[in-house]
Structures are given as structure tokens and as C-alpha cells.
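This report refers to the structure that appears directly beneath it.
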Amino acid sequence: MVYYIRFLKTPRLQKQKPGSVSASALICITTDLGDAFLTQDVNLLVTLRPAQHEQNVHCQERLQWHGGKRELPISLGPLPAKIAQMPLVMQVTASNSNSTLSDSLLDQRSMPLVVSSWSAPFGGSQSLVAEKLIERRLRVNQSVELRIWEETGNSIARHIWDAALASSMYLTQIIAGQDLSSPVLQGLLQVGGNRSLNVVELGSGCGIVGIALAELLPQCSVLLTDLYEVEEIITKNISVAQPASGSEIRYKPLEWEEELPNDLFDTPLIDLVLVSDCTYNADSLPALVSVLSRLIQQSPRALILVALKRRHESESIFFGLMQSAGLRDLHLHSIEIPSEHEQVDEIELHCYGTLA
């Protein structure tokens, strides 16, 4: 499984002796669910940069995460007090490079074991303590860098999950013609001309998969849906997204147990439904399959891409419910993502539909 650098305490500036300040934070390296910590040693690079000129560096320090620990304090300084007059960002990465390059989702081999973190700006005219957010910067191709914000709290709905990373990578490879394993999905995503693609994502969380598709694919209208509790973080991510020409990203709340609102979609037909890491809770599976079935009834030729990492046996219920709903598993693809101690985890990507 992939591990994520998280701020337990976001970066902050503190006065030291006259004429100097220090920048401190508290981090951990944990799984997407936050249920386990990295058990191997990893070298980290902490970089303090001006928020408006990130190619510059104020301070750097190398630290080591020791496997078995639950947290790691960061303290940079003493630093000249004048740097507190400008907004700063703190970058924490497992890379040995001091560049501003983002983590790679270009292919499975380059995917990082430990995902880097960027703080929200702090200092200057802003608060001396960074907002409780973490930014992930993920390179999906040579021209598209995803910049996705997460919250630092315990809500798993407002974090990136492993299957979302794999799903974003898979969609990128299909669009680029690097993966030809699913002709039906390939045919949908590689259509040329002026035809628009209408996409809805269920349980979108931070919105990374739908946003990735909108940034990669022109003429793509993406509707992100989830519970009301994600509205703030998902709206922030939409505001910083850079959709491709003619593409757009919107958000609307959606409760799976309720009837589909009449004003949910601006278009009568959907082409693609995205579902990423939504099968972990067996209690919600009937509602998930029900809303998928209703979407397909409205748009019979739509495809459903389900990305999941099997976490327990009860998730197998999902496949039986999909079959009972008349939704066929048209194609299964798997992507291996790195795990600690040179192991790998498998992400399954199922393409469902009613096509013959």
C-alpha cells in the first residue's frame, strides 16, 4: 500500500531569540485509512520555500523516519525574522531531490511508496500557523500536474485513497493509447471531434479521479458527487483545477439511499460513471449498487469504472449485487502499486455495463 506524509500539526512560525524565528511541524507517515504507520526507515527532505516563488529555498533539512514510530517532529531554524514577513510553504518529501517536481503517476514503476506533502501558506499577512490542509502534487503526464488538497483531520472522506491514484493512472494510460486492454473503455475515452463526454463520479471524496479526467480530456463534463461533508474540500479542489479545453467540473451532493434529484444532471445521458474505493463498507453496498442501477436505467449505454483495493472478504458482496442488478463485468484490469519492504498491492479496475 502507498503511504502518505500527513501533518499532525501543520507548520507554524515561532519567535526565538531576538531577530530569529523557527518553523516547526509534526508529521506521520500512514496509509490512506490512517490505520497503520510506515514500518521501514525512510529518508525525508524538508524544504521551506516562499509561497510565491517556490523555485527558491529558504531552508532545507534532511530527517529520517524510523519504522515503528508514530510521529516525527520537524524544527527548522533559527531563521532570519524577516522571512516571517512573506508567506511560506513547507514541503516534505521522501525524495532525495530538492526540486519542486511533483510525485509521479506516469506509470506503476515510477509511483512513489511515500506521497509527498505541501502545506498551505503561512506567515506574511496570513496566520503564523498553516491551515489544516495538505496539498498533493501528482504528475500524470508531461503537461498535467494534479494539485489536490486534503484535510489533515481524521475524516477518511476527505483524503486521497490508493485506488484513486491507480484509477487516475489507468485513465491517463488509456487516453494516451498506452493501455489497449479494454477496447470498450478505450473507444469511449479516445473519441475525437467535438463530441462531449458526460461523466459522474460517486463517492468522489477530494475529487482526484474526476478532476484528473477533466484535466486530461477535452470536451469532458464531470460531475463530482458525495456527501455534504466533503463540499468544502471538493469545492477548493475544483477552484484550483485546470480543465482541458471545453471541459468543466461541478459538484453536487448525493445521498445514495435517496431518489436521484431531477436537477442532478444538466444532460439526459451519462457516458461514464467513476467509482473509486467505495466498496470497503459492506453496509453501504446495496445503496451503491442501487444508485448505479438507476444511473444505468437512465443511460443504458453508460460504462461504470470501479477501482478498488480489497481490504476484507465482505467486499465480495459487491460483485454479487452487481450481477443481480444486471450489470456485467465487461473487463478486469489490475495495477500493482508499491508497498513497504519492496512488496506490492493490487488495485482492481472493473469496467461494468450492459453492452453485449
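Letters for chains follow the order of the C-alpha cells (A, B, ...), residue numbers begin at 1 for each chain, and ligand numbers begin at 1 in the order shown.
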Write down as an mmCIF file with all heavy atoms, in the first residue's frame the residues of stretch 42-154 of chain A whose backbone DSSP state falls under helix (DSSP H, G or I).
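Listing of out01.cif after writing:
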```
data_model
loop_
_atom_site.group_PDB
_atom_site.id
_atom_site.type_symbol
_atom_site.label_atom_id
_atom_site.label_comp_id
_atom_site.auth_asym_id
_atom_site.auth_seq_id
_atom_site.Cartn_x
_atom_site.Cartn_y
_atom_site.Cartn_z
ATOM 1 N N ALA A 81 14.379 36.619 11.072
ATOM 2 C CA ALA A 81 12.999 37.006 11.384
ATOM 3 C C ALA A 81 12.289 37.606 10.185
ATOM 4 O O ALA A 81 11.054 37.526 10.091
ATOM 5 C CB ALA A 81 12.990 37.989 12.556
ATOM 6 N N LYS A 82 13.018 38.164 9.230
ATOM 7 C CA LYS A 82 12.393 38.824 8.086
ATOM 8 C C LYS A 82 11.621 37.858 7.195
ATOM 9 O O LYS A 82 10.724 38.281 6.472
ATOM 10 C CB LYS A 82 13.437 39.567 7.260
ATOM 11 C CG LYS A 82 14.474 38.672 6.598
ATOM 12 C CD LYS A 82 15.484 39.491 5.805
ATOM 13 C CE LYS A 82 16.519 38.579 5.134
ATOM 14 N NZ LYS A 82 17.502 39.372 4.356
ATOM 15 N N ILE A 83 11.952 36.551 7.248
ATOM 16 C CA ILE A 83 11.211 35.625 6.385
ATOM 17 C C ILE A 83 9.762 35.485 6.836
ATOM 18 O O ILE A 83 8.907 35.046 6.068
ATOM 19 C CB ILE A 83 11.879 34.239 6.299
ATOM 20 C CG1 ILE A 83 11.650 33.432 7.576
ATOM 21 C CG2 ILE A 83 13.341 34.334 5.947
ATOM 22 C CD1 ILE A 83 11.976 31.975 7.408
ATOM 23 N N ALA A 84 9.484 35.863 8.094
ATOM 24 C CA ALA A 84 8.104 35.799 8.579
ATOM 25 C C ALA A 84 7.235 36.855 7.932
ATOM 26 O O ALA A 84 6.008 36.814 8.065
ATOM 27 C CB ALA A 84 8.071 35.963 10.095
ATOM 28 N N GLN A 85 7.849 37.778 7.199
ATOM 29 C CA GLN A 85 7.094 38.842 6.554
ATOM 30 C C GLN A 85 6.497 38.400 5.219
ATOM 31 O O GLN A 85 5.756 39.152 4.592
ATOM 32 C CB GLN A 85 7.996 40.062 6.347
ATOM 33 C CG GLN A 85 8.539 40.636 7.632
ATOM 34 C CD GLN A 85 9.569 41.727 7.402
ATOM 35 O OE1 GLN A 85 9.755 42.191 6.266
ATOM 36 N NE2 GLN A 85 10.238 42.159 8.464
#
```
message: Excluding A:Leu189 and its own-chain neighbours fewer than 5 positions away, which residues fall within 9 Å of it when counting only C-alpha atoms? Please give them as a VMD selection string.
response: chain A and resid 171 174 to 175 184 197 217
Residues from the last selection, N, CA, C and O atoms, saved as a PDB file, in the first residue's frame:
```pdb
ATOM      1  N   LEU A 171      -6.719   5.775 -16.286  1.00  0.00           N
ATOM      2  CA  LEU A 171      -7.400   6.638 -17.250  1.00  0.00           C
ATOM      3  C   LEU A 171      -6.398   7.389 -18.112  1.00  0.00           C
ATOM      4  O   LEU A 171      -6.591   7.542 -19.327  1.00  0.00           O
ATOM      5  N   ILE A 174      -5.015   4.996 -20.773  1.00  0.00           N
ATOM      6  CA  ILE A 174      -5.987   4.701 -21.834  1.00  0.00           C
ATOM      7  C   ILE A 174      -6.093   5.879 -22.792  1.00  0.00           C
ATOM      8  O   ILE A 174      -6.075   5.718 -24.020  1.00  0.00           O
ATOM      9  N   ILE A 175      -6.206   7.088 -22.247  1.00  0.00           N
ATOM     10  CA  ILE A 175      -6.336   8.278 -23.087  1.00  0.00           C
ATOM     11  C   ILE A 175      -5.110   8.460 -23.971  1.00  0.00           C
ATOM     12  O   ILE A 175      -5.218   8.844 -25.140  1.00  0.00           O
ATOM     13  N   VAL A 184     -13.568  -1.365 -25.036  1.00  0.00           N
ATOM     14  CA  VAL A 184     -14.810  -0.625 -24.859  1.00  0.00           C
ATOM     15  C   VAL A 184     -14.543   0.699 -24.135  1.00  0.00           C
ATOM     16  O   VAL A 184     -15.089   1.752 -24.509  1.00  0.00           O
ATOM     17  N   LEU A 197     -18.099  14.400 -23.524  1.00  0.00           N
ATOM     18  CA  LEU A 197     -18.215  13.222 -22.677  1.00  0.00           C
ATOM     19  C   LEU A 197     -18.817  13.654 -21.353  1.00  0.00           C
ATOM     20  O   LEU A 197     -18.318  14.591 -20.709  1.00  0.00           O
ATOM     21  N   LEU A 217      -8.780  15.303 -20.598  1.00  0.00           N
ATOM     22  CA  LEU A 217      -9.631  15.067 -21.753  1.00  0.00           C
ATOM     23  C   LEU A 217     -10.412  16.321 -22.135  1.00  0.00           C
ATOM     24  O   LEU A 217     -11.191  16.838 -21.329  1.00  0.00           O
TER      25      LEU A 217
END
```
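Among the candidates A:Tyr280, A:Phe319, A:Trp65, A:Tyr251, the one nearest to A:Leu26 when counting only C-alpha atoms is A:Trp65.
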message: Using only C-alpha atoms, can you tell me which of A:Leu213, A:Asn154, A:Pro121, A:Val115 comes closest to A:Asn141?
response: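 Among the listed residues, the smallest separation from A:Asn141 belongs to A:Leu213.
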Would you pick out the contacts of A:Gln64 at 9 Å or less, using only C-alpha atoms, so that residues sharing its chain but fewer than 2 positions from it are not included, and give the list as a PDB file with all heavy atoms, in the first residue's frame?
```pdb
ATOM      1  N   ASP A  41      12.416   2.302   7.520  1.00  0.00           N
ATOM      2  CA  ASP A  41      13.076   3.601   7.604  1.00  0.00           C
ATOM      3  C   ASP A  41      13.056   4.297   6.251  1.00  0.00           C
ATOM      4  O   ASP A  41      13.232   3.651   5.214  1.00  0.00           O
ATOM      5  CB  ASP A  41      14.526   3.430   8.057  1.00  0.00           C
ATOM      6  CG  ASP A  41      14.644   2.907   9.482  1.00  0.00           C
ATOM      7  OD1 ASP A  41      13.609   2.837  10.168  1.00  0.00           O
ATOM      8  OD2 ASP A  41      15.766   2.573   9.898  1.00  0.00           O
ATOM      9  N   VAL A  42      12.829   5.613   6.269  1.00  0.00           N
ATOM     10  CA  VAL A  42      12.795   6.401   5.041  1.00  0.00           C
ATOM     11  C   VAL A  42      13.490   7.736   5.295  1.00  0.00           C
ATOM     12  O   VAL A  42      13.248   8.389   6.314  1.00  0.00           O
ATOM     13  CB  VAL A  42      11.342   6.661   4.573  1.00  0.00           C
ATOM     14  CG1 VAL A  42      11.311   7.648   3.420  1.00  0.00           C
ATOM     15  CG2 VAL A  42      10.680   5.364   4.148  1.00  0.00           C
ATOM     16  N   ASN A  43      14.349   8.136   4.366  1.00  0.00           N
ATOM     17  CA  ASN A  43      14.978   9.443   4.438  1.00  0.00           C
ATOM     18  C   ASN A  43      14.020  10.507   3.896  1.00  0.00           C
ATOM     19  O   ASN A  43      13.407  10.320   2.840  1.00  0.00           O
ATOM     20  CB  ASN A  43      16.273   9.457   3.631  1.00  0.00           C
ATOM     21  CG  ASN A  43      17.333   8.558   4.236  1.00  0.00           C
ATOM     22  OD1 ASN A  43      17.470   8.489   5.462  1.00  0.00           O
ATOM     23  ND2 ASN A  43      18.075   7.859   3.399  1.00  0.00           N
ATOM     24  N   LEU A  44      13.899  11.599   4.610  1.00  0.00           N
ATOM     25  CA  LEU A  44      12.998  12.685   4.231  1.00  0.00           C
ATOM     26  C   LEU A  44      13.790  13.957   3.979  1.00  0.00           C
ATOM     27  O   LEU A  44      14.855  14.171   4.560  1.00  0.00           O
ATOM     28  CB  LEU A  44      11.974  12.946   5.337  1.00  0.00           C
ATOM     29  CG  LEU A  44      11.055  11.781   5.725  1.00  0.00           C
ATOM     30  CD1 LEU A  44      10.194  12.182   6.912  1.00  0.00           C
ATOM     31  CD2 LEU A  44      10.199  11.340   4.553  1.00  0.00           C
ATOM     32  N   LEU A  45      13.249  14.792   3.116  1.00  0.00           N
ATOM     33  CA  LEU A  45      13.799  16.119   2.871  1.00  0.00           C
ATOM     34  C   LEU A  45      12.708  17.141   3.171  1.00  0.00           C
ATOM     35  O   LEU A  45      11.639  17.109   2.564  1.00  0.00           O
ATOM     36  CB  LEU A  45      14.269  16.255   1.424  1.00  0.00           C
ATOM     37  CG  LEU A  45      14.920  17.593   1.051  1.00  0.00           C
ATOM     38  CD1 LEU A  45      16.233  17.779   1.805  1.00  0.00           C
ATOM     39  CD2 LEU A  45      15.142  17.682  -0.454  1.00  0.00           C
ATOM     40  N   ARG A  62      17.519  17.440   6.197  1.00  0.00           N
ATOM     41  CA  ARG A  62      17.263  16.010   5.989  1.00  0.00           C
ATOM     42  C   ARG A  62      16.962  15.350   7.324  1.00  0.00           C
ATOM     43  O   ARG A  62      17.669  15.560   8.309  1.00  0.00           O
ATOM     44  CB  ARG A  62      18.458  15.344   5.316  1.00  0.00           C
ATOM     45  CG  ARG A  62      18.707  15.891   3.913  1.00  0.00           C
ATOM     46  CD  ARG A  62      19.741  15.078   3.153  1.00  0.00           C
ATOM     47  NE  ARG A  62      19.987  15.687   1.853  1.00  0.00           N
ATOM     48  CZ  ARG A  62      19.246  15.492   0.770  1.00  0.00           C
ATOM     49  NH1 ARG A  62      18.199  14.680   0.848  1.00  0.00           N
ATOM     50  NH2 ARG A  62      19.525  16.083  -0.371  1.00  0.00           N
ATOM     51  N   HIS A  66      11.845   6.715  11.235  1.00  0.00           N
ATOM     52  CA  HIS A  66      12.237   5.401  11.727  1.00  0.00           C
ATOM     53  C   HIS A  66      11.007   4.498  11.780  1.00  0.00           C
ATOM     54  O   HIS A  66      10.001   4.849  12.406  1.00  0.00           O
ATOM     55  CB  HIS A  66      12.882   5.505  13.109  1.00  0.00           C
ATOM     56  CG  HIS A  66      14.180   6.250  13.104  1.00  0.00           C
ATOM     57  ND1 HIS A  66      15.355   5.702  12.629  1.00  0.00           N
ATOM     58  CD2 HIS A  66      14.486   7.513  13.502  1.00  0.00           C
ATOM     59  CE1 HIS A  66      16.335   6.573  12.729  1.00  0.00           C
ATOM     60  NE2 HIS A  66      15.841   7.691  13.254  1.00  0.00           N
ATOM     61  N   LEU A  72       6.856  12.275  13.836  1.00  0.00           N
ATOM     62  CA  LEU A  72       8.207  12.821  13.705  1.00  0.00           C
ATOM     63  C   LEU A  72       8.116  14.343  13.776  1.00  0.00           C
ATOM     64  O   LEU A  72       7.446  14.972  12.952  1.00  0.00           O
ATOM     65  CB  LEU A  72       8.824  12.406  12.365  1.00  0.00           C
ATOM     66  CG  LEU A  72      10.208  12.989  12.038  1.00  0.00           C
ATOM     67  CD1 LEU A  72      11.256  12.441  13.013  1.00  0.00           C
ATOM     68  CD2 LEU A  72      10.592  12.660  10.595  1.00  0.00           C
TER      69      LEU A  72
END
```
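Backbone DSSP over stretch 142-208 of chain A yields strand (DSSP E) at Glu145, Leu146, Arg147, Ile148, Trp149, Glu150, Glu151, Leu197, Asn198, Val199, Val200, Glu201 and Leu202 of chain A.
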Could you write out the selected residues, including C-alpha atoms, as a compact mmCIF listing (two decimals), in the first residue's frame?
```txt
# COMPACT_ATOMS: atom_id res chain seq x y z
CA GLU A 145 0.11 18.09 -12.81
CA LEU A 146 -2.77 17.40 -10.45
CA ARG A 147 -2.84 19.63 -7.40
CA ILE A 148 -5.24 18.13 -4.87
CA TRP A 149 -5.92 19.37 -1.36
CA GLU A 150 -6.73 17.06 1.54
CA GLU A 151 -7.69 17.81 5.10
CA LEU A 197 -18.22 13.22 -22.68
CA ASN A 198 -20.57 13.33 -19.69
CA VAL A 199 -19.08 11.80 -16.54
CA VAL A 200 -20.33 11.41 -12.99
CA GLU A 201 -18.21 10.28 -10.05
CA LEU A 202 -19.81 8.69 -6.99
```
query: Quick one: residues within 9 Å of A:Ile337, only C-alpha atoms counted, chain neighbours fewer than 5 positions away excluded, as a ChimeraX atom specification?
result: /A:1-2,108-109,111-113,162,166,343-347
message: So that I can see what lies close to stretch 101-103 of chain A, please list as number ranges by chain the residues with an atom at most 12 Å from it, counting only C-alpha atoms and leaving out residues fewer than 3 positions away in the same chain.
response: A: 4, 54-55, 91-98, 106-107, 110-118, 135-148, 165
Store the residues picked out above in a file with N, CA, C and O atoms, as a tab-separated table (two decimals), in the first residue's frame.
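Now in again09.tsv:
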```
chain	number	residue	atom	x	y	z
A	4	TYR	N	1.34	7.96	3.02
A	4	TYR	CA	1.13	9.39	2.82
A	4	TYR	C	1.73	10.17	3.99
A	4	TYR	O	1.45	9.85	5.16
A	54	GLU	N	8.34	29.47	-5.56
A	54	GLU	CA	8.66	28.17	-4.98
A	54	GLU	C	9.97	27.56	-5.51
A	54	GLU	O	10.45	26.57	-4.98
A	55	GLN	N	10.52	28.15	-6.57
A	55	GLN	CA	11.80	27.64	-7.05
A	55	GLN	C	12.93	28.03	-6.09
A	55	GLN	O	14.02	27.44	-6.14
A	91	GLN	N	7.46	21.89	2.31
A	91	GLN	CA	7.38	20.67	1.52
A	91	GLN	C	8.11	19.56	2.27
A	91	GLN	O	9.23	19.75	2.72
A	92	VAL	N	7.46	18.41	2.39
A	92	VAL	CA	8.09	17.24	3.00
A	92	VAL	C	8.00	16.10	2.00
A	92	VAL	O	6.89	15.72	1.57
A	93	THR	N	9.14	15.57	1.61
A	93	THR	CA	9.17	14.54	0.58
A	93	THR	C	10.15	13.44	0.95
A	93	THR	O	11.11	13.67	1.69
A	94	ALA	N	9.91	12.25	0.44
A	94	ALA	CA	10.84	11.14	0.62
A	94	ALA	C	11.90	11.13	-0.48
A	94	ALA	O	12.79	10.30	-0.47
A	95	SER	N	11.80	12.08	-1.39
A	95	SER	CA	12.77	12.17	-2.48
A	95	SER	C	14.07	12.76	-1.97
A	95	SER	O	14.10	13.55	-1.04
A	96	ASN	N	15.18	12.40	-2.64
A	96	ASN	CA	16.47	12.99	-2.32
A	96	ASN	C	16.72	14.24	-3.14
A	96	ASN	O	17.78	14.85	-3.05
A	97	SER	N	15.77	14.62	-3.98
A	97	SER	CA	15.92	15.79	-4.82
A	97	SER	C	15.35	17.01	-4.12
A	97	SER	O	14.41	16.92	-3.34
A	98	ASN	N	15.93	18.18	-4.40
A	98	ASN	CA	15.40	19.40	-3.82
A	98	ASN	C	14.57	20.19	-4.82
A	98	ASN	O	14.32	21.36	-4.67
A	106	LEU	N	3.10	8.57	-13.61
A	106	LEU	CA	3.27	8.29	-15.04
A	106	LEU	C	3.11	6.81	-15.34
A	106	LEU	O	2.58	6.43	-16.38
A	107	ASP	N	3.60	5.96	-14.46
A	107	ASP	CA	3.43	4.52	-14.63
A	107	ASP	C	3.65	3.85	-13.28
A	107	ASP	O	4.03	4.50	-12.30
A	110	SER	N	7.19	4.16	-11.56
A	110	SER	CA	7.63	5.44	-11.01
A	110	SER	C	6.76	5.93	-9.86
A	110	SER	O	7.07	6.93	-9.23
A	111	MET	N	5.69	5.22	-9.57
A	111	MET	CA	4.79	5.63	-8.50
A	111	MET	C	5.51	5.55	-7.16
A	111	MET	O	6.19	4.57	-6.85
A	112	PRO	N	5.43	6.60	-6.33
A	112	PRO	CA	6.19	6.60	-5.08
A	112	PRO	C	5.57	5.72	-4.01
A	112	PRO	O	4.35	5.55	-3.96
A	113	LEU	N	6.41	5.17	-3.15
A	113	LEU	CA	5.92	4.48	-1.97
A	113	LEU	C	5.34	5.48	-0.97
A	113	LEU	O	4.32	5.24	-0.34
A	114	VAL	N	6.03	6.62	-0.85
A	114	VAL	CA	5.62	7.66	0.10
A	114	VAL	C	5.24	8.91	-0.68
A	114	VAL	O	6.06	9.47	-1.41
A	115	VAL	N	4.00	9.35	-0.53
A	115	VAL	CA	3.49	10.52	-1.25
A	115	VAL	C	3.85	11.79	-0.47
A	115	VAL	O	3.60	11.88	0.74
A	116	SER	N	4.44	12.75	-1.17
A	116	SER	CA	4.91	13.99	-0.55
A	116	SER	C	3.75	14.87	-0.09
A	116	SER	O	2.61	14.69	-0.53
A	117	SER	N	4.09	15.84	0.74
A	117	SER	CA	3.07	16.79	1.20
A	117	SER	C	3.59	18.21	1.07
A	117	SER	O	4.78	18.48	1.22
A	118	TRP	N	2.65	19.12	0.79
A	118	TRP	CA	2.91	20.56	0.75
A	118	TRP	C	1.91	21.21	1.70
A	118	TRP	O	0.73	20.89	1.67
A	135	GLU	N	-1.47	19.63	0.54
A	135	GLU	CA	-1.59	19.57	-0.92
A	135	GLU	C	-0.74	18.43	-1.45
A	135	GLU	O	0.40	18.25	-1.06
A	136	ARG	N	-1.33	17.65	-2.37
A	136	ARG	CA	-0.59	16.62	-3.10
A	136	ARG	C	-0.38	17.12	-4.52
A	136	ARG	O	-1.31	17.65	-5.15
A	137	ARG	N	0.81	16.94	-5.04
A	137	ARG	CA	1.12	17.33	-6.41
A	137	ARG	C	1.54	16.08	-7.16
A	137	ARG	O	2.55	15.45	-6.83
A	138	LEU	N	0.77	15.73	-8.16
A	138	LEU	CA	0.89	14.43	-8.83
A	138	LEU	C	0.98	14.63	-10.33
A	138	LEU	O	0.06	15.16	-10.95
A	139	ARG	N	2.06	14.19	-10.91
A	139	ARG	CA	2.28	14.32	-12.35
A	139	ARG	C	1.68	13.11	-13.06
A	139	ARG	O	2.13	11.98	-12.87
A	140	VAL	N	0.64	13.32	-13.89
A	140	VAL	CA	0.00	12.22	-14.60
A	140	VAL	C	0.49	12.11	-16.05
A	140	VAL	O	0.43	11.03	-16.65
A	141	ASN	N	0.92	13.22	-16.64
A	141	ASN	CA	1.63	13.16	-17.92
A	141	ASN	C	2.53	14.39	-18.01
A	141	ASN	O	2.65	15.15	-17.04
A	142	GLN	N	3.17	14.58	-19.14
A	142	GLN	CA	4.17	15.63	-19.23
A	142	GLN	C	3.57	17.04	-19.11
A	142	GLN	O	4.28	17.99	-18.80
A	143	SER	N	2.29	17.18	-19.36
A	143	SER	CA	1.67	18.51	-19.33
A	143	SER	C	0.67	18.71	-18.20
A	143	SER	O	0.26	19.84	-17.95
A	144	VAL	N	0.27	17.65	-17.53
A	144	VAL	CA	-0.77	17.76	-16.49
A	144	VAL	C	-0.20	17.37	-15.13
A	144	VAL	O	0.27	16.25	-14.93
A	145	GLU	N	-0.23	18.32	-14.21
A	145	GLU	CA	0.11	18.09	-12.81
A	145	GLU	C	-1.14	18.32	-11.98
A	145	GLU	O	-1.68	19.42	-11.94
A	146	LEU	N	-1.61	17.27	-11.34
A	146	LEU	CA	-2.77	17.40	-10.45
A	146	LEU	C	-2.33	18.03	-9.14
A	146	LEU	O	-1.32	17.64	-8.56
A	147	ARG	N	-3.09	19.01	-8.69
A	147	ARG	CA	-2.84	19.63	-7.40
A	147	ARG	C	-4.11	19.47	-6.58
A	147	ARG	O	-5.11	20.14	-6.83
A	148	ILE	N	-4.06	18.55	-5.62
A	148	ILE	CA	-5.24	18.13	-4.87
A	148	ILE	C	-5.02	18.39	-3.39
A	148	ILE	O	-4.02	17.96	-2.81
A	165	LEU	N	-5.56	6.85	-6.86
A	165	LEU	CA	-4.30	7.06	-7.57
A	165	LEU	C	-4.20	6.12	-8.76
A	165	LEU	O	-3.83	6.52	-9.87
```
task: Quick one: everything within 6 Å of A:Glu348, counting only C-alpha atoms, minus sequence neighbours fewer than 2 positions away in the same chain. Send it as an MDAnalysis selection string.
output: chainID A and resid 307:308 334
Hey, can you spit out that residue selection with N, CA and C atoms as a PDB file, in the first residue's frame?
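result_29.pdb was written with the following content:
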```
ATOM      1  N   ALA A 307     -12.847   1.115  -9.271  1.00  0.00           N
ATOM      2  CA  ALA A 307     -11.486   0.840  -8.807  1.00  0.00           C
ATOM      3  C   ALA A 307     -11.536   0.516  -7.326  1.00  0.00           C
ATOM      4  N   LEU A 308     -10.886  -0.567  -6.938  1.00  0.00           N
ATOM      5  CA  LEU A 308     -10.925  -0.962  -5.532  1.00  0.00           C
ATOM      6  C   LEU A 308      -9.670  -1.726  -5.135  1.00  0.00           C
ATOM      7  N   SER A 334      -5.789  -4.922 -13.640  1.00  0.00           N
ATOM      8  CA  SER A 334      -5.172  -4.722 -12.326  1.00  0.00           C
ATOM      9  C   SER A 334      -3.906  -3.882 -12.464  1.00  0.00           C
TER      10      SER A 334
END
```
message: What's the separation between atom CA of A:Phe265 and atom CA of A:Thr354, in Å to one decimal place?
response: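 It comes out at 21.0 Å.
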field: Test item: residues at most 8 Å from A:Tyr352, only C-alpha atoms, excluding those fewer than 4 positions along its chain, as a PyMOL selection string
entry: chain A and resi 303-306+327-331
message: Just to confirm, what's the straight-line distance from atom CA of A:Leu105 to atom CA of A:Ser339 in Å (one decimal)?
response: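 Calculated distance between atom CA of A:Leu105 and atom CA of A:Ser339 is 15.0 Å.
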message: Given only C-alpha atoms as the basis, pick out the residue of A:Trp256, A:Tyr228, A:Tyr170, A:Tyr3 nearest to A:Ser290.
response: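 Among the listed residues, A:Trp256 lies closest to A:Ser290.
Using only C-alpha atoms, the shortest contact distance between A:Val289 and any of A:Val275, A:Leu63, A:Ile208, A:Ala23 is found at A:Val275.
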